[in-house]
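Take a look at the structure set out below.
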Protein chains: 2
Amino acid sequence: MREFILYARKAVTSQDFALDDLPGSGGRMDLVARCVCNALWISHALRRDSCIHVVACGSPKPPLVISFYGDALRDVSPDERSIAGWIQKVLGQKRTNPGIRVRELSFQGLIQERAADGAFFYLLHERGRALGEVPLRADAVFVLGDHLGLPRNEERFVERFEHDKISVGSVSYLASQCITILHYELDRRAR
Amino acid sequence: MREFILYARKAVTSQDFALDDLPGSGGRMDLVARCVCNALWISHALRRDSCIHVVACGSPKPPLVISFYGDALRDVSPDERSIAGWIQKVLGQKRTNPGIRVRELSFQGLIQERAADGAFFYLLHERGRALGEVPLRADAVFVLGDHLGLPRNEERFVERFEHDKISVGSVSYLASQCITILHYELDRRAR
């Protein structure tokens with residue numbers, strides 16, 4: 001299983017956001033949706049071996065962990081509005097989706113949970129080892145920050161567990177692009 | 001200059017589409033917007049050395065070439081709705097943007113124009129040479145199909161000019177993900 005954790009500092013934690021304004025009222029829910037898209041979608045299919053946990057830390061009731069599972073997701077399209085619309089439905093408890101799960105859980109709680117399951121973490125970090133030179137474990141958990149980055153105290157928390165710091169290069173990519181690059185490197189090595 | 005050409009078979013060619021339904025009424029305008037985002041955006045910045053030409057072939061008056069230039073784009077955000085909203089404004093001649101240009105031009109007309117400027121084309125193709133093994137020209141023009149692929153006759157047209165066929169691997173990525181992977185490989189080699 002390929003697993004991604006996105007720390008979304010501003011992502012709102014209630015259904016009260018406008019689908020017409022994902023960046024503003026959604027607290028960069030557009031960024032969240034793009035990450036979910038790239039974590040789970042390929043052409044005409046879902047990656048059934050992948051999941052992504054979004055740690056939403058915005059108002060009004062943070063933190064929440066919203067997890068998306070490629071092997072169980074139903075009726076969602078890869079466009080930002082469809083993904084954000086599903087987040088809204090699930091947060092408002094209007095509908096359920098077997099591939100989406102919401103929990104009142106913190107970033108550190110999630111890291112502890114994954115570590116207890118034996119996870120090895122890769123922290124994306126601009127001063128990390130070059131991705132091309134790091135042997136990647138296929139079942140790793142990749143930890144990414146949003147446009148504001150991962151807070152230092154959360155980074156230090158991950159460092160308590162089995163981990164490595166990796167860098168995708170000298171360009172600062174969007175978080176969603178980092179996910180694509182990680183999949184690409186994993187796919188390439190799996191051949 | 002890094003240049004991308006996206007053949008968008010269904011992308012509508014008038015302002016008459018709903019921003020709330022980019023996949024349907026926009027003719028997969030969500031896909032177009034994701035490609036523009038990944039061609040031009042990185043974290044907190046635009047790629048000033050990149051541009052993307054979208055060949056819109058949907059109703060009512062195809063074909064149109066909508067070009068986006070990273071060095072001139074203003075007031076656009078990387079979310080799908082913002083990019084699609086700008087396409088709508090420009091198609092409706094309601095606003096202009098120095099980084100967006102619309103022309104009544106066909107795919108073949110565009111290829112001829114770029115070839116006349118000395119372009120070397122890379123056709124993304126599932127039976128192409130492995131991307132990792134191909135030396136990439138930094139100023140190349142990458143030609144991509146949408147979710148329906150590049151029509152065979154358009155592919156044959158590109159083959160008349162200086163070109164190579166490349167493959168990003170055995171996974172069928174979204175067109176927008178292919179763009180990210182191409183940038184990543186070019187960035188990696190430019191180091």
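For the structure tokens, the naming scheme is as follows: chains receive sequential letters (A, B, ...) according to their order of presentation, residues are indexed from 1 within each chain, and ligands are indexed from 1 in presentation order.
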
Residues of chain A that have any atom at most 6 Å from an atom of chain B: could you tabulate them with the shortest-distance atom pair and the distance in Å to one decimal, using only C-alpha atoms, ordered by chain and increasing number, as CSV?
```
residue,atom,partner,partner_atom,distance
A:Asp30,CA,B:Asp79,CA,5.9
A:Ile42,CA,B:Tyr173,CA,4.8
A:Ser43,CA,B:Leu174,CA,4.9
A:Asp79,CA,B:Asp30,CA,5.9
A:Ser172,CA,B:Ser43,CA,5.4
A:Tyr173,CA,B:Ile42,CA,4.8
A:Leu174,CA,B:Ser43,CA,4.9
```

### Backbone DSSP call of strand (DSSP E) for stretch 41-99 of chain A, listed as a PyMOL selection string
chain A and resi 41-42+45-46+50-56+64-69

File of the preceding selection, N, CA, C and O atoms, as a short mmCIF file (atom, residue, chain, number, x, y, z; two decimals), in the first residue's frame:
```cif
data_model
loop_
_atom_site.label_atom_id
_atom_site.label_comp_id
_atom_site.auth_asym_id
_atom_site.auth_seq_id
_atom_site.Cartn_x
_atom_site.Cartn_y
_atom_site.Cartn_z
N TRP A 41 -5.84 8.89 -8.70
CA TRP A 41 -6.29 8.69 -10.08
C TRP A 41 -5.15 8.46 -11.06
O TRP A 41 -4.09 9.09 -10.95
N ILE A 42 -5.37 7.55 -11.99
CA ILE A 42 -4.61 7.50 -13.23
C ILE A 42 -5.65 7.52 -14.34
O ILE A 42 -6.85 7.69 -14.06
N ALA A 45 -8.90 5.13 -14.38
CA ALA A 45 -8.86 4.16 -13.28
C ALA A 45 -8.41 4.82 -11.98
O ALA A 45 -7.85 5.92 -11.98
N LEU A 46 -8.67 4.10 -10.90
CA LEU A 46 -8.17 4.51 -9.59
C LEU A 46 -7.00 3.60 -9.22
O LEU A 46 -6.96 2.43 -9.60
N SER A 50 -3.47 2.55 -3.24
CA SER A 50 -3.04 3.83 -2.66
C SER A 50 -4.12 4.44 -1.78
O SER A 50 -5.32 4.22 -2.01
N CYS A 51 -3.68 5.20 -0.79
CA CYS A 51 -4.61 5.99 0.00
C CYS A 51 -3.94 7.29 0.42
O CYS A 51 -2.71 7.41 0.39
N ILE A 52 -4.75 8.27 0.76
CA ILE A 52 -4.23 9.54 1.24
C ILE A 52 -5.05 10.01 2.43
O ILE A 52 -6.27 9.91 2.43
N HIS A 53 -4.33 10.45 3.46
CA HIS A 53 -4.96 11.00 4.65
C HIS A 53 -4.74 12.51 4.65
O HIS A 53 -3.59 12.96 4.62
N VAL A 54 -5.82 13.27 4.69
CA VAL A 54 -5.72 14.73 4.75
C VAL A 54 -5.96 15.14 6.20
O VAL A 54 -7.02 14.85 6.76
N VAL A 55 -4.96 15.76 6.80
CA VAL A 55 -5.14 16.27 8.17
C VAL A 55 -5.61 17.72 8.04
O VAL A 55 -4.83 18.62 7.72
N ALA A 56 -6.91 17.93 8.24
CA ALA A 56 -7.51 19.26 8.09
C ALA A 56 -7.39 20.00 9.41
O ALA A 56 -7.89 19.54 10.44
N LEU A 64 -9.19 17.22 11.99
CA LEU A 64 -9.90 16.06 11.45
C LEU A 64 -8.96 15.36 10.48
O LEU A 64 -8.20 16.01 9.77
N VAL A 65 -9.04 14.04 10.46
CA VAL A 65 -8.33 13.29 9.42
C VAL A 65 -9.37 12.74 8.44
O VAL A 65 -10.27 12.01 8.84
N ILE A 66 -9.26 13.16 7.18
CA ILE A 66 -10.15 12.69 6.13
C ILE A 66 -9.33 11.77 5.23
O ILE A 66 -8.38 12.22 4.58
N SER A 67 -9.67 10.50 5.22
CA SER A 67 -8.88 9.50 4.48
C SER A 67 -9.64 9.04 3.25
O SER A 67 -10.85 8.80 3.31
N PHE A 68 -8.90 8.91 2.15
CA PHE A 68 -9.47 8.45 0.87
C PHE A 68 -8.74 7.18 0.46
O PHE A 68 -7.51 7.16 0.40
N TYR A 69 -9.53 6.13 0.16
CA TYR A 69 -8.96 4.83 -0.18
C TYR A 69 -9.31 4.47 -1.63
O TYR A 69 -10.48 4.34 -1.98
#
```

### Long-range neighbours of B:Leu123 as a list in words, 8 Å cut-off, only C-alpha atoms, 4 positions minimum in chain
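Residues meeting the cut-off are Phe142, Val143, Leu144, Glu155, Val158, His163, Asp164, Lys165 and Ile166 of chain B.
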
Restricting it to all heavy atoms, dump the selection as an mmCIF file, in the first residue's frame.
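Result file result_10.cif:
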```cif
data_model
loop_
_atom_site.group_PDB
_atom_site.id
_atom_site.type_symbol
_atom_site.label_atom_id
_atom_site.label_comp_id
_atom_site.auth_asym_id
_atom_site.auth_seq_id
_atom_site.Cartn_x
_atom_site.Cartn_y
_atom_site.Cartn_z
ATOM 1 N N PHE B 142 6.437 19.308 -26.406
ATOM 2 C CA PHE B 142 5.843 18.025 -26.042
ATOM 3 C C PHE B 142 4.383 18.000 -26.483
ATOM 4 O O PHE B 142 3.635 18.924 -26.172
ATOM 5 C CB PHE B 142 5.926 17.810 -24.536
ATOM 6 C CG PHE B 142 7.336 17.716 -24.024
ATOM 7 C CD1 PHE B 142 8.002 18.846 -23.569
ATOM 8 C CD2 PHE B 142 8.006 16.507 -24.015
ATOM 9 C CE1 PHE B 142 9.302 18.775 -23.112
ATOM 10 C CE2 PHE B 142 9.310 16.422 -23.561
ATOM 11 C CZ PHE B 142 9.967 17.553 -23.109
ATOM 12 N N VAL B 143 4.001 16.937 -27.177
ATOM 13 C CA VAL B 143 2.639 16.839 -27.707
ATOM 14 C C VAL B 143 1.880 15.747 -26.966
ATOM 15 O O VAL B 143 2.315 14.590 -26.934
ATOM 16 C CB VAL B 143 2.660 16.522 -29.220
ATOM 17 C CG1 VAL B 143 1.240 16.457 -29.780
ATOM 18 C CG2 VAL B 143 3.486 17.574 -29.976
ATOM 19 N N LEU B 144 0.760 16.130 -26.360
ATOM 20 C CA LEU B 144 -0.020 15.193 -25.550
ATOM 21 C C LEU B 144 -1.466 15.119 -26.028
ATOM 22 O O LEU B 144 -2.049 16.140 -26.437
ATOM 23 C CB LEU B 144 -0.067 15.633 -24.091
ATOM 24 C CG LEU B 144 1.210 15.793 -23.303
ATOM 25 C CD1 LEU B 144 1.636 17.252 -23.264
ATOM 26 C CD2 LEU B 144 1.001 15.300 -21.872
ATOM 27 N N GLU B 155 -1.346 12.388 -35.169
ATOM 28 C CA GLU B 155 -0.059 11.790 -34.823
ATOM 29 C C GLU B 155 0.809 11.651 -36.081
ATOM 30 O O GLU B 155 1.988 12.013 -36.064
ATOM 31 C CB GLU B 155 -0.332 10.410 -34.212
ATOM 32 C CG GLU B 155 0.866 9.708 -33.635
ATOM 33 C CD GLU B 155 0.471 8.327 -33.113
ATOM 34 O OE1 GLU B 155 -0.564 8.214 -32.421
ATOM 35 O OE2 GLU B 155 1.180 7.358 -33.420
ATOM 36 N N VAL B 158 2.373 14.963 -37.116
ATOM 37 C CA VAL B 158 3.563 15.358 -36.354
ATOM 38 C C VAL B 158 4.782 14.569 -36.830
ATOM 39 O O VAL B 158 5.902 15.089 -36.866
ATOM 40 C CB VAL B 158 3.338 15.150 -34.831
ATOM 41 C CG1 VAL B 158 4.580 15.556 -34.049
ATOM 42 C CG2 VAL B 158 2.134 15.931 -34.342
ATOM 43 N N HIS B 163 11.067 14.645 -34.857
ATOM 44 C CA HIS B 163 10.352 14.227 -33.651
ATOM 45 C C HIS B 163 10.949 12.956 -33.066
ATOM 46 O O HIS B 163 11.768 12.280 -33.689
ATOM 47 C CB HIS B 163 8.879 13.971 -33.977
ATOM 48 C CG HIS B 163 8.668 12.660 -34.691
ATOM 49 N ND1 HIS B 163 8.945 12.500 -36.034
ATOM 50 C CD2 HIS B 163 8.240 11.456 -34.238
ATOM 51 C CE1 HIS B 163 8.691 11.256 -36.383
ATOM 52 N NE2 HIS B 163 8.277 10.590 -35.316
ATOM 53 N N ASP B 164 10.507 12.659 -31.872
ATOM 54 C CA ASP B 164 10.817 11.390 -31.233
ATOM 55 C C ASP B 164 9.564 10.985 -30.455
ATOM 56 O O ASP B 164 8.782 11.848 -30.049
ATOM 57 C CB ASP B 164 12.015 11.553 -30.280
ATOM 58 C CG ASP B 164 12.731 10.224 -30.028
ATOM 59 O OD1 ASP B 164 12.190 9.167 -30.400
ATOM 60 O OD2 ASP B 164 13.830 10.254 -29.447
ATOM 61 N N LYS B 165 9.360 9.677 -30.278
ATOM 62 C CA LYS B 165 8.228 9.220 -29.467
ATOM 63 C C LYS B 165 8.757 8.766 -28.129
ATOM 64 O O LYS B 165 9.697 7.976 -28.059
ATOM 65 C CB LYS B 165 7.506 8.058 -30.156
ATOM 66 C CG LYS B 165 6.749 8.494 -31.383
ATOM 67 C CD LYS B 165 5.917 7.350 -31.936
ATOM 68 C CE LYS B 165 5.262 7.775 -33.231
ATOM 69 N NZ LYS B 165 4.483 6.695 -33.849
ATOM 70 N N ILE B 166 8.162 9.263 -27.071
ATOM 71 C CA ILE B 166 8.624 8.890 -25.737
ATOM 72 C C ILE B 166 7.460 8.371 -24.902
ATOM 73 O O ILE B 166 6.304 8.739 -25.119
ATOM 74 C CB ILE B 166 9.316 10.075 -25.005
ATOM 75 C CG1 ILE B 166 8.384 11.292 -24.932
ATOM 76 C CG2 ILE B 166 10.619 10.440 -25.691
ATOM 77 C CD1 ILE B 166 8.963 12.438 -24.111
#
```

Would you list the contacts of A:Pro151 as a PDB file with all heavy atoms, in the first residue's frame, taking every protein, DNA or RNA residue within 9 Å and counting only C-alpha atoms, but skipping same-chain residues closer than 5 positions in sequence?
```
ATOM      1  N   TYR A   7      -0.586  17.427   5.421  1.00  0.00           N
ATOM      2  CA  TYR A   7      -0.920  18.342   6.509  1.00  0.00           C
ATOM      3  C   TYR A   7      -1.509  19.609   5.883  1.00  0.00           C
ATOM      4  O   TYR A   7      -0.788  20.372   5.247  1.00  0.00           O
ATOM      5  CB  TYR A   7       0.339  18.679   7.308  1.00  0.00           C
ATOM      6  CG  TYR A   7       0.069  19.504   8.547  1.00  0.00           C
ATOM      7  CD1 TYR A   7      -0.185  18.879   9.766  1.00  0.00           C
ATOM      8  CD2 TYR A   7       0.063  20.893   8.490  1.00  0.00           C
ATOM      9  CE1 TYR A   7      -0.448  19.622  10.901  1.00  0.00           C
ATOM     10  CE2 TYR A   7      -0.209  21.642   9.634  1.00  0.00           C
ATOM     11  CZ  TYR A   7      -0.450  21.002  10.822  1.00  0.00           C
ATOM     12  OH  TYR A   7      -0.717  21.745  11.958  1.00  0.00           O
ATOM     13  N   ARG A   9      -3.037  22.930   6.641  1.00  0.00           N
ATOM     14  CA  ARG A   9      -3.132  23.827   7.784  1.00  0.00           C
ATOM     15  C   ARG A   9      -4.422  24.637   7.820  1.00  0.00           C
ATOM     16  O   ARG A   9      -4.925  24.974   8.899  1.00  0.00           O
ATOM     17  CB  ARG A   9      -1.935  24.787   7.751  1.00  0.00           C
ATOM     18  CG  ARG A   9      -1.592  25.347   9.110  1.00  0.00           C
ATOM     19  CD  ARG A   9      -0.405  26.278   9.060  1.00  0.00           C
ATOM     20  NE  ARG A   9       0.820  25.594   8.651  1.00  0.00           N
ATOM     21  CZ  ARG A   9       2.039  26.029   8.973  1.00  0.00           C
ATOM     22  NH1 ARG A   9       2.182  27.129   9.696  1.00  0.00           N
ATOM     23  NH2 ARG A   9       3.107  25.373   8.569  1.00  0.00           N
ATOM     24  N   GLY A 145       3.748  18.583   3.530  1.00  0.00           N
ATOM     25  CA  GLY A 145       3.100  19.800   3.991  1.00  0.00           C
ATOM     26  C   GLY A 145       2.307  20.426   2.853  1.00  0.00           C
ATOM     27  O   GLY A 145       2.412  20.010   1.712  1.00  0.00           O
ATOM     28  N   ARG A 156       9.282  17.373  13.839  1.00  0.00           N
ATOM     29  CA  ARG A 156      10.070  16.743  14.923  1.00  0.00           C
ATOM     30  C   ARG A 156       9.372  15.509  15.466  1.00  0.00           C
ATOM     31  O   ARG A 156      10.003  14.528  15.851  1.00  0.00           O
ATOM     32  CB  ARG A 156      10.317  17.760  16.058  1.00  0.00           C
ATOM     33  CG  ARG A 156      11.613  18.536  15.863  1.00  0.00           C
ATOM     34  CD  ARG A 156      12.029  19.233  17.149  1.00  0.00           C
ATOM     35  NE  ARG A 156      11.091  20.289  17.501  1.00  0.00           N
ATOM     36  CZ  ARG A 156      11.278  21.590  17.256  1.00  0.00           C
ATOM     37  NH1 ARG A 156      12.381  22.006  16.668  1.00  0.00           N
ATOM     38  NH2 ARG A 156      10.372  22.486  17.610  1.00  0.00           N
TER      39      ARG A 156
END
```

### Message
To one decimal place in Å, what is the distance between atom CA of A:Ser167 and atom CA of A:Gln108?
### Response
22.1 Å

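In this model, the gap between atom CA of A:Val36 and atom CA of A:Glu133 comes to 26.3 Å.
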
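Note that the spacing between atom CA of B:Phe120 and atom CA of B:Phe161 amounts to 7.7 Å.
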
### Task
Run DSSP on the backbone of this structure and report the residues of stretch 24-122 of chain B it assigns to helix (DSSP H, G or I), as a ChimeraX atom specification.
/B:29-40,80-91,107-116

Just to be explicit: take each residue in the selection above, keep N, CA and C atoms, and write the result as a short mmCIF file (atom, residue, chain, number, x, y, z; two decimals), in the first residue's frame.
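Resulting contents of part01.cif:
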```
data_model
loop_
_atom_site.label_atom_id
_atom_site.label_comp_id
_atom_site.auth_asym_id
_atom_site.auth_seq_id
_atom_site.Cartn_x
_atom_site.Cartn_y
_atom_site.Cartn_z
N MET B 29 -13.18 20.49 -19.45
CA MET B 29 -12.37 21.68 -19.20
C MET B 29 -11.60 21.53 -17.88
N ASP B 30 -12.05 20.63 -17.01
CA ASP B 30 -11.30 20.34 -15.76
C ASP B 30 -9.93 19.76 -16.11
N LEU B 31 -9.92 18.85 -17.07
CA LEU B 31 -8.66 18.24 -17.53
C LEU B 31 -7.75 19.31 -18.13
N VAL B 32 -8.34 20.18 -18.95
CA VAL B 32 -7.56 21.27 -19.56
C VAL B 32 -6.93 22.14 -18.46
N ALA B 33 -7.75 22.50 -17.47
CA ALA B 33 -7.26 23.39 -16.40
C ALA B 33 -6.14 22.72 -15.61
N ARG B 34 -6.26 21.43 -15.34
CA ARG B 34 -5.20 20.72 -14.61
C ARG B 34 -3.90 20.71 -15.39
N CYS B 35 -4.02 20.57 -16.71
CA CYS B 35 -2.82 20.59 -17.55
C CYS B 35 -2.17 21.97 -17.52
N VAL B 36 -2.97 23.02 -17.61
CA VAL B 36 -2.42 24.38 -17.55
C VAL B 36 -1.74 24.59 -16.21
N CYS B 37 -2.39 24.17 -15.14
CA CYS B 37 -1.82 24.31 -13.79
C CYS B 37 -0.45 23.64 -13.72
N ASN B 38 -0.36 22.41 -14.16
CA ASN B 38 0.92 21.69 -14.02
C ASN B 38 1.97 22.16 -15.02
N ALA B 39 1.54 22.73 -16.11
CA ALA B 39 2.51 23.25 -17.08
C ALA B 39 3.16 24.53 -16.55
N LEU B 40 2.40 25.34 -15.81
CA LEU B 40 2.89 26.69 -15.49
C LEU B 40 3.16 26.96 -14.02
N GLU B 80 -8.75 24.88 -10.62
CA GLU B 80 -9.42 24.60 -11.90
C GLU B 80 -10.43 25.69 -12.26
N ARG B 81 -11.18 26.15 -11.25
CA ARG B 81 -12.22 27.14 -11.53
C ARG B 81 -11.64 28.47 -11.99
N SER B 82 -10.52 28.87 -11.41
CA SER B 82 -9.90 30.13 -11.80
C SER B 82 -9.39 30.04 -13.24
N ILE B 83 -8.71 28.97 -13.56
CA ILE B 83 -8.17 28.81 -14.92
C ILE B 83 -9.30 28.72 -15.94
N ALA B 84 -10.32 27.91 -15.61
CA ALA B 84 -11.46 27.77 -16.53
C ALA B 84 -12.22 29.08 -16.64
N GLY B 85 -12.33 29.82 -15.54
CA GLY B 85 -13.00 31.11 -15.56
C GLY B 85 -12.30 32.08 -16.50
N TRP B 86 -10.98 32.03 -16.53
CA TRP B 86 -10.23 32.89 -17.45
C TRP B 86 -10.43 32.46 -18.89
N ILE B 87 -10.49 31.15 -19.11
CA ILE B 87 -10.77 30.67 -20.48
C ILE B 87 -12.13 31.22 -20.93
N GLN B 88 -13.10 31.17 -20.01
CA GLN B 88 -14.44 31.68 -20.34
C GLN B 88 -14.41 33.18 -20.65
N LYS B 89 -13.71 33.95 -19.82
CA LYS B 89 -13.64 35.40 -20.04
C LYS B 89 -12.99 35.72 -21.38
N VAL B 90 -11.92 35.03 -21.68
CA VAL B 90 -11.18 35.32 -22.91
C VAL B 90 -11.98 34.88 -24.13
N LEU B 91 -12.65 33.70 -24.04
CA LEU B 91 -13.47 33.24 -25.16
C LEU B 91 -14.64 34.19 -25.41
N PHE B 107 -4.83 22.10 -35.01
CA PHE B 107 -3.68 21.37 -34.48
C PHE B 107 -2.56 21.34 -35.52
N GLN B 108 -2.92 20.99 -36.75
CA GLN B 108 -1.89 20.89 -37.79
C GLN B 108 -1.28 22.25 -38.10
N GLY B 109 -2.11 23.30 -38.07
CA GLY B 109 -1.60 24.66 -38.28
C GLY B 109 -0.59 25.04 -37.20
N LEU B 110 -0.91 24.66 -35.98
CA LEU B 110 -0.02 24.96 -34.85
C LEU B 110 1.30 24.19 -34.99
N ILE B 111 1.21 22.92 -35.35
CA ILE B 111 2.42 22.11 -35.53
C ILE B 111 3.30 22.71 -36.63
N GLN B 112 2.68 23.10 -37.72
CA GLN B 112 3.43 23.73 -38.82
C GLN B 112 4.12 25.01 -38.35
N GLU B 113 3.40 25.80 -37.60
CA GLU B 113 3.96 27.05 -37.08
C GLU B 113 5.17 26.81 -36.19
N ARG B 114 5.02 25.85 -35.27
CA ARG B 114 6.12 25.56 -34.36
C ARG B 114 7.30 24.96 -35.12
N ALA B 115 7.01 24.10 -36.11
CA ALA B 115 8.07 23.49 -36.92
C ALA B 115 8.83 24.56 -37.71
N ALA B 116 8.09 25.55 -38.20
CA ALA B 116 8.73 26.63 -38.96
C ALA B 116 9.68 27.42 -38.07
#
```

### Message
Counting only C-alpha atoms, which residue out of A:Leu6, A:Leu124, A:Leu186, A:Ile100 sits closest to A:Arg137?
### Response
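Among the listed residues, A:Leu186 lies closest to A:Arg137.
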
Neighbours of B:Thr13 within 7 Å (only C-alpha atoms; same-chain residues fewer than 2 positions away dropped), as a PDB file with N, CA and C atoms, in the first residue's frame?
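Final file, around-v4.pdb:
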```pdb
ATOM      1  N   ALA B  11     -12.993  19.893 -25.608  1.00  0.00           N
ATOM      2  CA  ALA B  11     -13.018  21.204 -24.930  1.00  0.00           C
ATOM      3  C   ALA B  11     -13.822  22.206 -25.751  1.00  0.00           C
ATOM      4  N   ALA B  56      -8.428  23.321 -28.654  1.00  0.00           N
ATOM      5  CA  ALA B  56      -9.808  22.998 -28.265  1.00  0.00           C
ATOM      6  C   ALA B  56     -10.579  22.595 -29.512  1.00  0.00           C
ATOM      7  N   GLY B  58     -13.823  21.092 -29.364  1.00  0.00           N
ATOM      8  CA  GLY B  58     -15.241  20.870 -29.074  1.00  0.00           C
ATOM      9  C   GLY B  58     -16.127  21.885 -29.777  1.00  0.00           C
ATOM     10  N   SER B  59     -17.428  21.740 -29.619  1.00  0.00           N
ATOM     11  CA  SER B  59     -18.372  22.669 -30.250  1.00  0.00           C
ATOM     12  C   SER B  59     -18.291  24.029 -29.556  1.00  0.00           C
ATOM     13  N   PRO B  60     -18.756  25.135 -30.132  1.00  0.00           N
ATOM     14  CA  PRO B  60     -19.472  25.198 -31.404  1.00  0.00           C
ATOM     15  C   PRO B  60     -18.612  25.617 -32.595  1.00  0.00           C
ATOM     16  N   LYS B  61     -17.388  26.068 -32.374  1.00  0.00           N
ATOM     17  CA  LYS B  61     -16.621  26.586 -33.526  1.00  0.00           C
ATOM     18  C   LYS B  61     -15.153  26.168 -33.460  1.00  0.00           C
ATOM     19  N   PRO B  62     -14.916  24.839 -33.479  1.00  0.00           N
ATOM     20  CA  PRO B  62     -13.535  24.357 -33.454  1.00  0.00           C
ATOM     21  C   PRO B  62     -12.849  24.565 -34.798  1.00  0.00           C
ATOM     22  N   LEU B  64      -9.846  25.908 -31.974  1.00  0.00           N
ATOM     23  CA  LEU B  64      -9.224  27.112 -31.430  1.00  0.00           C
ATOM     24  C   LEU B  64      -7.951  26.682 -30.713  1.00  0.00           C
TER      25      LEU B  64
END
```
